[in-house]
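J.: Below you'll find the structure I mean.
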Amino acid sequence: MAWFRRRPAPGLRHDREAEKADFAHLEHFVQTRRGVEAFLEPRTTVTETTVILIAHDGEWTRRRVPDHNAARVFGNRLGIPVYDIALVGYPQRMRDFNERRKRAAGN
């Protein structure tokens with residue numbers, strides 16, 4: 001029920017904004033993996049806008065970005081496709097990668 005929803009105190013943030021280190025991490029991921037594609041994730045009540053990069057084998061990483069436009073500029077600069085996750089969904093190779101990691105951790 002909306003009556004019991006807590007509002008954060010003014011000036012108090014549960015999340016932080018994108019930093020240069022976030023873009024540096026994303027760029028390193030693109031440069032060290034094959035077949036990387038970017039997927040934009042919308043802002044939520046918990047996190048700011050994020051971009052998830054997914055390599056050909058399903059390995060992935062996620063970082064904050066200032067907005068969708070910044071992520072598209074980033075993708076264009078590095079020559080990788082940028083998709084809206086709300087339109088295309090998460091690729092199967094990412095789910096397969098997560099499942100392989102889960103099984104490996106259980107052994």
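Simple scheme: letters A, B, ... for chains in structure tokens order, numbers from 1 for residues in each chain, numbers from 1 for ligands in the order shown.
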Report as a PyMOL selection string all protein, DNA and RNA residues lying within 10 Å of A:Pro91, evaluated on only C-alpha atoms, omitting residues in the same chain fewer than 3 positions from it.
T.: chain A and resi 39+54+58+85+88+94-96
J.: Put those residues in a file: N, CA, C and O atoms, as an mmCIF file, in the first residue's frame.
T.:
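To be explicit, this is the file written out as out.cif:
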```
data_model
loop_
_atom_site.group_PDB
_atom_site.id
_atom_site.type_symbol
_atom_site.label_atom_id
_atom_site.label_comp_id
_atom_site.auth_asym_id
_atom_site.auth_seq_id
_atom_site.Cartn_x
_atom_site.Cartn_y
_atom_site.Cartn_z
ATOM 1 N N PHE A 39 22.929 -2.730 -23.635
ATOM 2 C CA PHE A 39 21.489 -2.738 -23.387
ATOM 3 C C PHE A 39 21.184 -1.695 -22.315
ATOM 4 O O PHE A 39 21.733 -1.744 -21.217
ATOM 5 N N ILE A 54 26.983 -6.943 -22.773
ATOM 6 C CA ILE A 54 26.948 -8.404 -22.831
ATOM 7 C C ILE A 54 27.825 -8.860 -23.985
ATOM 8 O O ILE A 54 27.629 -8.441 -25.127
ATOM 9 N N GLY A 58 28.015 -14.330 -23.298
ATOM 10 C CA GLY A 58 27.037 -14.060 -22.248
ATOM 11 C C GLY A 58 27.615 -13.373 -21.029
ATOM 12 O O GLY A 58 26.872 -12.937 -20.152
ATOM 13 N N ILE A 85 16.472 -2.268 -23.350
ATOM 14 C CA ILE A 85 16.127 -3.550 -22.727
ATOM 15 C C ILE A 85 14.612 -3.719 -22.603
ATOM 16 O O ILE A 85 14.100 -4.835 -22.680
ATOM 17 N N VAL A 88 13.655 -5.104 -26.186
ATOM 18 C CA VAL A 88 14.217 -6.365 -26.699
ATOM 19 C C VAL A 88 14.413 -7.429 -25.631
ATOM 20 O O VAL A 88 14.573 -8.600 -25.942
ATOM 21 N N MET A 94 22.993 -14.360 -22.026
ATOM 22 C CA MET A 94 23.249 -13.849 -20.677
ATOM 23 C C MET A 94 22.660 -14.806 -19.637
ATOM 24 O O MET A 94 23.300 -15.123 -18.636
ATOM 25 N N ARG A 95 21.441 -15.253 -19.871
ATOM 26 C CA ARG A 95 20.812 -16.198 -18.937
ATOM 27 C C ARG A 95 21.597 -17.507 -18.887
ATOM 28 O O ARG A 95 21.784 -18.090 -17.808
ATOM 29 N N ASP A 96 22.085 -17.959 -20.057
ATOM 30 C CA ASP A 96 22.891 -19.186 -20.098
ATOM 31 C C ASP A 96 24.192 -19.010 -19.317
ATOM 32 O O ASP A 96 24.618 -19.904 -18.586
#
```
J.: I'd like the neighbourhood of A:Arg93 as an NGL selection string, where a residue qualifies if any of its atoms comes within 10 Å (using only C-alpha atoms), though same-chain residues fewer than 4 positions away should be ignored.
T.: :A and (54-60 or 97-99)
J.: Ranking A:Thr50, A:Glu19, A:Ala86, A:Ala105 by minimum distance to A:Arg72 and counting only C-alpha atoms, which one comes first?
T.: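 Nearest to A:Arg72: A:Thr50.
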J.: Which value, in Å to one decimal, gives the distance between atom CA of A:Arg100 and atom CA of A:Ile80?
T.: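 Here the two named atoms are 25.3 Å from each other.
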J.: When you look at A:Leu87 with a cut-off of 12 Å (counting only C-alpha atoms), what residues show up, excluding the ones that are within fewer than 2 positions of it in the same chain? I need them as an mmCIF file with N, CA and C atoms, in the first residue's frame.
T.:
```
data_model
loop_
_atom_site.group_PDB
_atom_site.id
_atom_site.type_symbol
_atom_site.label_atom_id
_atom_site.label_comp_id
_atom_site.auth_asym_id
_atom_site.auth_seq_id
_atom_site.Cartn_x
_atom_site.Cartn_y
_atom_site.Cartn_z
ATOM 1 N N PHE A 39 22.929 -2.730 -23.635
ATOM 2 C CA PHE A 39 21.489 -2.738 -23.387
ATOM 3 C C PHE A 39 21.184 -1.695 -22.315
ATOM 4 N N LEU A 40 20.323 -0.739 -22.646
ATOM 5 C CA LEU A 40 19.959 0.323 -21.718
ATOM 6 C C LEU A 40 18.869 -0.149 -20.768
ATOM 7 N N GLU A 41 19.093 0.085 -19.487
ATOM 8 C CA GLU A 41 18.102 -0.238 -18.469
ATOM 9 C C GLU A 41 17.572 1.076 -17.894
ATOM 10 N N PRO A 42 16.262 1.223 -17.796
ATOM 11 C CA PRO A 42 15.691 2.501 -17.341
ATOM 12 C C PRO A 42 15.942 2.768 -15.863
ATOM 13 N N VAL A 82 23.501 -0.486 -29.456
ATOM 14 C CA VAL A 82 22.857 -0.136 -28.189
ATOM 15 C C VAL A 82 21.368 -0.403 -28.338
ATOM 16 N N TYR A 83 20.834 -1.253 -27.447
ATOM 17 C CA TYR A 83 19.426 -1.629 -27.494
ATOM 18 C C TYR A 83 18.720 -1.177 -26.220
ATOM 19 N N ASP A 84 17.431 -0.970 -26.311
ATOM 20 C CA ASP A 84 16.610 -0.650 -25.146
ATOM 21 C C ASP A 84 16.091 -1.968 -24.576
ATOM 22 N N ILE A 85 16.472 -2.268 -23.350
ATOM 23 C CA ILE A 85 16.127 -3.550 -22.727
ATOM 24 C C ILE A 85 14.612 -3.719 -22.603
ATOM 25 N N GLY A 89 14.428 -7.058 -24.364
ATOM 26 C CA GLY A 89 14.652 -8.021 -23.296
ATOM 27 C C GLY A 89 16.113 -8.431 -23.180
ATOM 28 N N TYR A 90 16.399 -9.258 -22.177
ATOM 29 C CA TYR A 90 17.761 -9.745 -21.967
ATOM 30 C C TYR A 90 18.020 -10.916 -22.905
ATOM 31 N N PRO A 91 19.197 -10.956 -23.531
ATOM 32 C CA PRO A 91 19.478 -12.048 -24.463
ATOM 33 C C PRO A 91 19.661 -13.391 -23.739
#
```
J.: For atom CA of A:Thr61 and atom CA of A:Gln92, quote the distance in Å rounded to one decimal.
T.: 15.3 Å
J.: Pick out each residue of chain A that DSSP on the backbone tags as alpha helix (DSSP H); I need them as a VMD selection string.
T.: chain A and resid 20 to 32 68 to 78 85 to 88 92 to 106
J.: Quick one, how far is atom CA of A:His28 from atom CA of A:Gly79?
T.: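 Atom CA of A:Gly79 lies at a distance of 13.7 Å from atom CA of A:His28.
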J.: Among chain A, which residues carry a DSSP assignment of strand (DSSP E), reported as a VMD selection string?
T.: chain A and resid 37 to 41 50 to 54 60 to 64 82 to 84
